[in-house]
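protein.cif follows; it contains mmCIF, C-alpha atoms and all ligand atoms.
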data_model
loop_
_atom_site.group_PDB
_atom_site.id
_atom_site.type_symbol
_atom_site.label_atom_id
_atom_site.label_comp_id
_atom_site.auth_asym_id
_atom_site.auth_seq_id
_atom_site.Cartn_x
_atom_site.Cartn_y
_atom_site.Cartn_z
ATOM 1 C CA MET V 1 -8.249 0.352 7.135
ATOM 2 C CA SER V 2 -9.529 -2.522 5.069
ATOM 3 C CA HIS V 3 -6.954 -4.968 3.759
ATOM 4 C CA ASP V 4 -8.499 -6.209 0.553
ATOM 5 C CA ILE V 5 -6.883 -9.067 -1.294
ATOM 6 C CA THR V 6 -7.357 -10.194 -4.884
ATOM 7 C CA VAL V 7 -6.327 -13.788 -5.604
ATOM 8 C CA LEU V 8 -5.453 -15.107 -9.067
ATOM 9 C CA ILE V 9 -5.926 -18.841 -9.629
ATOM 10 C CA SER V 10 -5.840 -21.325 -12.498
ATOM 11 C CA GLY V 11 -7.093 -24.474 -10.785
ATOM 12 C CA ARG V 12 -8.517 -25.931 -7.593
ATOM 13 C CA GLY V 13 -7.479 -22.890 -5.553
ATOM 14 C CA SER V 14 -6.608 -24.658 -2.310
ATOM 15 C CA ASN V 15 -4.163 -21.872 -1.394
ATOM 16 C CA MET V 16 -6.851 -19.275 -2.046
ATOM 17 C CA GLN V 17 -9.165 -21.295 0.209
ATOM 18 C CA ALA V 18 -6.527 -21.460 2.959
ATOM 19 C CA ILE V 19 -6.162 -17.690 2.781
ATOM 20 C CA HIS V 20 -9.899 -17.177 2.843
ATOM 21 C CA ARG V 21 -10.255 -19.537 5.846
ATOM 22 C CA ALA V 22 -7.497 -17.646 7.684
ATOM 23 C CA CYS V 23 -9.419 -14.403 7.055
ATOM 24 C CA GLU V 24 -12.610 -16.005 8.333
ATOM 25 C CA ASN V 25 -11.036 -17.314 11.532
ATOM 26 C CA GLY V 26 -9.191 -14.043 12.179
ATOM 27 C CA THR V 27 -5.606 -15.304 11.974
ATOM 28 C CA LEU V 28 -5.293 -13.186 8.841
ATOM 29 C CA GLN V 29 -6.745 -9.717 9.263
ATOM 30 C CA ALA V 30 -7.804 -9.193 5.685
ATOM 31 C CA LYS V 31 -10.603 -9.869 3.260
ATOM 32 C CA VAL V 32 -10.544 -11.828 0.020
ATOM 33 C CA THR V 33 -12.670 -9.532 -2.111
ATOM 34 C CA HIS V 34 -12.004 -10.858 -5.590
ATOM 35 C CA VAL V 35 -10.928 -14.158 -7.139
ATOM 36 C CA ILE V 36 -9.873 -14.061 -10.784
ATOM 37 C CA SER V 37 -9.081 -17.028 -12.993
ATOM 38 C CA ASN V 38 -7.761 -17.448 -16.510
ATOM 39 C CA VAL V 39 -9.558 -20.823 -16.654
ATOM 40 C CA THR V 40 -13.336 -20.802 -17.071
ATOM 41 C CA ASN V 41 -13.995 -23.927 -15.022
ATOM 42 C CA ALA V 42 -11.239 -23.581 -12.415
ATOM 43 C CA GLY V 43 -12.378 -25.496 -9.331
ATOM 44 C CA GLY V 44 -11.563 -22.640 -6.978
ATOM 45 C CA LEU V 45 -14.139 -20.369 -8.636
ATOM 46 C CA GLU V 46 -16.930 -22.568 -7.284
ATOM 47 C CA TYR V 47 -15.580 -22.253 -3.746
ATOM 48 C CA ALA V 48 -15.317 -18.468 -4.119
ATOM 49 C CA ARG V 49 -18.859 -18.094 -5.460
ATOM 50 C CA HIS V 50 -20.187 -20.343 -2.701
ATOM 51 C CA HIS V 51 -18.566 -18.048 -0.136
ATOM 52 C CA GLY V 52 -19.895 -14.862 -1.663
ATOM 53 C CA ILE V 53 -16.587 -13.680 -3.083
ATOM 54 C CA ASN V 54 -16.687 -11.655 -6.294
ATOM 55 C CA THR V 55 -15.286 -13.761 -9.169
ATOM 56 C CA THR V 56 -14.100 -12.909 -12.669
ATOM 57 C CA VAL V 57 -12.823 -15.055 -15.523
ATOM 58 C CA VAL V 58 -10.290 -13.545 -17.914
ATOM 59 C CA ASN V 59 -9.764 -16.382 -20.356
ATOM 60 C CA HIS V 60 -6.276 -16.128 -21.846
ATOM 61 C CA LYS V 61 -7.441 -18.025 -24.932
ATOM 62 C CA GLU V 62 -9.551 -15.021 -25.932
ATOM 63 C CA TYR V 63 -6.518 -12.753 -26.279
ATOM 64 C CA SER V 64 -4.140 -12.722 -29.201
ATOM 65 C CA ASN V 65 -1.035 -12.063 -27.137
ATOM 66 C CA ARG V 66 0.338 -11.886 -23.620
ATOM 67 C CA GLU V 67 0.216 -8.079 -23.516
ATOM 68 C CA ALA V 68 -3.491 -7.930 -24.349
ATOM 69 C CA PHE V 69 -4.286 -10.634 -21.792
ATOM 70 C CA ASP V 70 -2.291 -8.917 -19.057
ATOM 71 C CA GLN V 71 -3.978 -5.597 -19.840
ATOM 72 C CA ALA V 72 -7.397 -7.235 -19.458
ATOM 73 C CA LEU V 73 -6.218 -8.787 -16.217
ATOM 74 C CA ILE V 74 -5.119 -5.378 -14.907
ATOM 75 C CA GLU V 75 -8.518 -3.931 -15.806
ATOM 76 C CA ALA V 76 -10.296 -6.782 -14.009
ATOM 77 C CA ILE V 77 -8.149 -6.378 -10.903
ATOM 78 C CA ASP V 78 -8.396 -2.590 -10.782
ATOM 79 C CA CYS V 79 -12.071 -2.301 -11.697
ATOM 80 C CA SER V 80 -13.155 -2.212 -8.062
ATOM 81 C CA THR V 81 -11.458 -0.801 -4.988
ATOM 82 C CA PRO V 82 -7.752 -1.401 -5.564
ATOM 83 C CA ALA V 83 -6.582 -4.445 -3.650
ATOM 84 C CA GLN V 84 -3.786 -3.849 -1.211
ATOM 85 C CA LEU V 85 -2.230 -7.147 -2.279
ATOM 86 C CA VAL V 86 -2.593 -9.282 -5.381
ATOM 87 C CA LEU V 87 -1.767 -12.928 -4.734
ATOM 88 C CA LEU V 88 -0.832 -15.523 -7.307
ATOM 89 C CA ALA V 89 -2.049 -18.862 -5.990
ATOM 90 C CA GLY V 90 -1.478 -21.548 -8.584
ATOM 91 C CA PHE V 91 -1.865 -18.978 -11.357
ATOM 92 C CA MET V 92 -0.120 -20.715 -14.235
ATOM 93 C CA ARG V 93 0.514 -17.898 -16.715
ATOM 94 C CA ARG V 94 3.742 -16.002 -17.237
ATOM 95 C CA LEU V 95 3.205 -12.289 -16.695
ATOM 96 C CA THR V 96 4.600 -9.374 -18.672
ATOM 97 C CA VAL V 97 6.932 -6.734 -17.259
ATOM 98 C CA GLU V 98 4.090 -4.212 -17.651
ATOM 99 C CA PHE V 99 1.957 -6.325 -15.330
ATOM 100 C CA THR V 100 4.592 -7.022 -12.701
ATOM 101 C CA GLN V 101 5.659 -3.360 -12.633
ATOM 102 C CA HIS V 102 2.052 -2.194 -12.322
ATOM 103 C CA TYR V 103 1.764 -4.225 -9.101
ATOM 104 C CA GLN V 104 5.326 -3.752 -7.929
ATOM 105 C CA HIS V 105 5.631 -4.599 -4.208
ATOM 106 C CA ARG V 106 1.943 -5.579 -4.120
ATOM 107 C CA LEU V 107 2.211 -8.868 -6.017
ATOM 108 C CA LEU V 108 3.134 -12.128 -4.265
ATOM 109 C CA ASN V 109 3.471 -15.712 -5.464
ATOM 110 C CA ILE V 110 3.747 -19.073 -3.767
ATOM 111 C CA HIS V 111 5.957 -21.625 -5.462
ATOM 112 C CA PRO V 112 6.228 -25.317 -4.536
ATOM 113 C CA SER V 113 9.990 -25.541 -3.997
ATOM 114 C CA LEU V 114 12.743 -23.942 -1.969
ATOM 115 C CA LEU V 115 13.612 -21.217 -4.461
ATOM 116 C CA PRO V 116 16.016 -20.624 -6.104
ATOM 117 C CA ARG V 117 16.099 -24.447 -6.246
ATOM 118 C CA HIS V 118 13.664 -25.934 -8.772
ATOM 119 C CA PRO V 119 11.977 -22.952 -10.428
ATOM 120 C CA GLY V 120 9.350 -23.801 -13.058
ATOM 121 C CA LEU V 121 7.201 -26.927 -13.249
ATOM 122 C CA ASN V 122 7.287 -30.490 -11.825
ATOM 123 C CA THR V 123 9.166 -29.379 -8.733
ATOM 124 C CA HIS V 124 8.286 -32.416 -6.585
ATOM 125 C CA ALA V 125 9.448 -34.939 -9.189
ATOM 126 C CA ARG V 126 12.650 -32.978 -9.690
ATOM 127 C CA ALA V 127 13.373 -32.801 -5.960
ATOM 128 C CA ILE V 128 12.938 -36.597 -5.656
ATOM 129 C CA GLU V 129 14.969 -37.198 -8.796
ATOM 130 C CA ALA V 130 17.795 -35.038 -7.419
ATOM 131 C CA SER V 131 17.737 -37.027 -4.117
ATOM 132 C CA ASP V 132 17.130 -33.804 -2.201
ATOM 133 C CA ARG V 133 16.670 -34.372 1.524
ATOM 134 C CA TRP V 134 14.614 -31.217 2.001
ATOM 135 C CA HIS V 135 11.915 -29.605 -0.068
ATOM 136 C CA GLY V 136 9.173 -27.077 0.584
ATOM 137 C CA CYS V 137 7.654 -23.878 -0.675
ATOM 138 C CA THR V 138 8.547 -20.229 -1.092
ATOM 139 C CA VAL V 139 6.610 -16.989 -0.975
ATOM 140 C CA HIS V 140 8.207 -14.189 -2.945
ATOM 141 C CA TYR V 141 7.501 -10.814 -4.458
ATOM 142 C CA VAL V 142 6.896 -11.156 -8.176
ATOM 143 C CA ASN V 143 9.068 -9.400 -10.706
ATOM 144 C CA GLU V 144 9.716 -10.054 -14.379
ATOM 145 C CA ALA V 145 11.958 -13.086 -13.736
ATOM 146 C CA LEU V 146 10.129 -16.412 -13.647
ATOM 147 C CA ASP V 147 9.998 -17.508 -9.985
ATOM 148 C CA GLY V 148 12.808 -15.035 -9.435
ATOM 149 C CA GLY V 149 11.535 -12.087 -7.352
ATOM 150 C CA PRO V 150 12.794 -11.244 -3.848
ATOM 151 C CA VAL V 151 12.134 -14.151 -1.494
ATOM 152 C CA ILE V 152 10.227 -13.349 1.701
ATOM 153 C CA ALA V 153 9.898 -16.750 3.343
ATOM 154 C CA ARG V 154 10.415 -20.455 2.837
ATOM 155 C CA ALA V 155 8.823 -23.410 4.570
ATOM 156 C CA VAL V 156 10.897 -26.574 4.701
ATOM 157 C CA VAL V 157 9.592 -30.139 4.802
ATOM 158 C CA PRO V 158 11.626 -33.357 4.780
ATOM 159 C CA ILE V 159 11.693 -35.761 1.867
ATOM 160 C CA LYS V 160 11.150 -39.152 3.461
ATOM 161 C CA ASN V 161 12.261 -42.602 2.326
ATOM 162 C CA GLY V 162 9.702 -43.990 -0.078
ATOM 163 C CA ASP V 163 8.173 -40.613 -0.932
ATOM 164 C CA ASN V 164 6.581 -40.307 -4.342
ATOM 165 C CA VAL V 165 5.244 -37.217 -6.088
ATOM 166 C CA ASP V 166 1.817 -37.613 -4.455
ATOM 167 C CA SER V 167 3.048 -38.004 -0.894
ATOM 168 C CA LEU V 168 5.591 -35.216 -1.253
ATOM 169 C CA SER V 169 3.233 -32.774 -2.948
ATOM 170 C CA ALA V 170 0.650 -33.366 -0.187
ATOM 171 C CA ARG V 171 3.273 -32.547 2.467
ATOM 172 C CA VAL V 172 4.374 -29.418 0.614
ATOM 173 C CA LEU V 173 0.802 -28.301 -0.012
ATOM 174 C CA ALA V 174 0.012 -28.546 3.708
ATOM 175 C CA ALA V 175 3.030 -26.299 4.306
ATOM 176 C CA GLU V 176 1.849 -23.866 1.618
ATOM 177 C CA HIS V 177 -1.493 -23.554 3.374
ATOM 178 C CA LYS V 178 0.276 -22.445 6.552
ATOM 179 C CA LEU V 179 2.995 -20.309 5.007
ATOM 180 C CA TYR V 180 0.975 -18.169 2.594
ATOM 181 C CA PRO V 181 -1.521 -16.755 5.138
ATOM 182 C CA THR V 182 1.346 -16.148 7.590
ATOM 183 C CA VAL V 183 3.335 -14.149 5.056
ATOM 184 C CA VAL V 184 0.311 -12.248 3.780
ATOM 185 C CA GLN V 185 -0.502 -11.184 7.337
ATOM 186 C CA MET V 186 3.055 -9.863 7.757
ATOM 187 C CA CYS V 187 2.962 -8.004 4.436
ATOM 188 C CA LEU V 188 -0.412 -6.409 5.076
ATOM 189 C CA HIS V 189 0.394 -5.322 8.591
ATOM 190 C CA GLY V 190 3.809 -3.803 8.005
ATOM 191 C CA THR V 191 6.166 -6.465 9.377
ATOM 192 C CA VAL V 192 7.418 -7.245 5.888
ATOM 193 C CA ALA V 193 7.966 -4.782 3.054
ATOM 194 C CA CYS V 194 9.974 -4.529 -0.140
ATOM 195 C CA GLN V 195 12.243 -1.634 -1.003
ATOM 196 C CA ASP V 196 14.530 -1.428 -4.026
ATOM 197 C CA SER V 197 14.052 -5.178 -4.592
ATOM 198 C CA HIS V 198 15.160 -5.987 -1.052
ATOM 199 C CA VAL V 199 12.927 -7.518 1.578
ATOM 200 C CA LYS V 200 12.716 -5.649 4.856
ATOM 201 C CA VAL V 201 11.519 -7.215 8.085
ATOM 202 C CA ASN V 202 10.577 -4.824 10.870
ATOM 203 C CA ASP V 203 12.100 -1.988 8.833
ATOM 204 C CA LYS V 204 15.510 -3.642 8.595
ATOM 205 C CA ALA V 205 16.984 -5.249 5.497
ATOM 206 C CA ALA V 206 16.490 -9.005 5.866
ATOM 207 C CA LEU V 207 19.817 -10.810 5.590
ATOM 208 C CA ASN V 208 18.040 -14.076 4.815
ATOM 209 C CA PRO V 209 14.477 -15.055 3.967
ATOM 210 C CA LEU V 210 12.294 -16.066 6.902
ATOM 211 C CA LEU V 211 12.426 -19.813 7.443
ATOM 212 C CA TYR V 212 9.722 -22.135 8.772
ATOM 213 C CA TYR V 213 10.002 -25.879 9.447
ATOM 214 C CA TYR V 214 6.842 -27.933 9.126
ATOM 215 C CA HIS V 215 7.687 -31.558 10.009
HETATM 216 C C1 LIG P 301 0.426 -24.972 -5.597
HETATM 217 O O1 LIG P 301 1.241 -26.041 -5.217
HETATM 218 C C2 LIG P 301 1.270 -23.771 -5.961
HETATM 219 O O2 LIG P 301 2.421 -23.637 -5.174
HETATM 220 C C3 LIG P 301 1.641 -24.103 -7.386
HETATM 221 O O3 LIG P 301 0.468 -24.616 -7.944
HETATM 222 C C4 LIG P 301 -0.283 -25.268 -6.919
HETATM 223 C C5 LIG P 301 -1.675 -24.689 -6.945
HETATM 224 O O4 LIG P 301 -2.499 -25.369 -6.047
HETATM 225 N N1 LIG P 301 2.097 -22.931 -8.087
HETATM 226 C C6 LIG P 301 3.043 -22.977 -9.009
HETATM 227 O O5 LIG P 301 3.565 -24.000 -9.383
HETATM 228 C C7 LIG P 301 3.420 -21.628 -9.577
HETATM 229 N N2 LIG P 301 4.727 -21.668 -10.146
HETATM 230 P P1 LIG P 301 -3.856 -24.708 -5.584
HETATM 231 O O6 LIG P 301 -4.601 -24.308 -6.856
HETATM 232 O O7 LIG P 301 -4.552 -25.836 -4.878
HETATM 233 O O8 LIG P 301 -3.534 -23.541 -4.708
#

Output the file's structure in the form of structure tokens.
Ligand code: GAR
Amino acid sequence: MSHDITVLISGRGSNMQAIHRACENGTLQAKVTHVISNVTNAGGLEYARHHGINTTVVNHKEYSNREAFDQALIEAIDCSTPAQLVLLAGFMRRLTVEFTQHYQHRLLNIHPSLLPRHPGLNTHARAIEASDRWHGCTVHYVNEALDGGPVIARAVVPIKNGDNVDSLSARVLAAEHKLYPTVVQMCLHGTVACQDSHVKVNDKAALNPLLYYYH
């Protein structure tokens, strides 16, 4: 069975690249078949084209409202063989309920904080500002709540003395690049699933999200 993945990006796409590299080196048994961006000149599109991955731009500015944009996005995603998973990887648009329900249990996101702490933007600055000792990233199923769907896994990194937004975001990003392919592999190959908004690991309801420490 082929495990096709569609990745949605808005920018440089380093998470998409990490997932693609994991597919290439066999640690992730899957194939990135389609990269879609809402931004015409998103850096990650260049990488995808260079590696022979099908790319599509659905520019949100060309649509009069969120519903019309999301409908066009659905058409772009579903135009070829349906992807087994749709991954948000730095895709910076809020999605409608119609969209998230269409891909229920097939739509994942990576967020640069230990959700539910610091949803939304500027997570690294907020973690430093709050004097948090730990920070990290979260992979979760996407539902209609912003950064609020069932959490599958978190990766924790320390906040060190003297950290600034650049040093902390680099540490978190390195963790993202390990966590996302790991979780995608588990979702595609049956270790992790979602039922009635609850995450199951090895067919049992997970009491807590999976936790990884990257020091
Ligand atoms: C990543 O840090 C990702 O977690 C974040 O955007 C960055 C994209 O980087 N996503 C969000 O903030 C979504 N709420 P990338 O384009 O290099 O993967």

> Mind pulling up the distance from atom O6 of ligand LIG 301 (chain P) to CA of Pro112 in chain V?
Replying inline: 11.1 Å

>> Give me the residues near range 42-53 of chain V as a list of chain:residue names, where near means some atom within 7 Å (using all atoms listed in the file) and where sequence neighbours in that chain fewer than 5 positions away do not count.
In response: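 Residues near the query, excluding close chain neighbours: V:Ser10, V:Gly11, V:Arg12, V:Gly13, V:Thr33, V:His34, V:Val35, V:Ser37.
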
>> Within 8 Å of ligand LIG 301 (chain P) (counting only C-alpha atoms and all ligand atoms), which residues show up? I'd like them as a PyMOL selection string.
In response: chain V and resi 9-17+44+88-92+109-113+119-123+137+147+169+172-173+176

>> Counting only C-alpha atoms, find residues at most 7 Å from (-5.3, -3.0, 0.2) (file frame) and give them as number ranges by chain.
In response: V: 2-5, 82-85

>> Please expand the PyMOL selection byres (((chain V and resi 195) around 12) and not hetatm) into the concrete residues it hits in this file, giving the result as a list in words.
In response: Gln104, His105, Arg106, Tyr141, Pro150, Val192, Ala193, Cys194, Asp196, Ser197, His198, Val199, Lys200, Val201, Asp203, Lys204, Ala205 and Ala206 of chain V

> Of the candidates V:Leu108, V:Val58, V:Leu168, V:Leu8, which shows the shortest atom-to-atom distance to Pro181 in chain V, using all atoms listed in the file?
Replying inline: V:Leu108
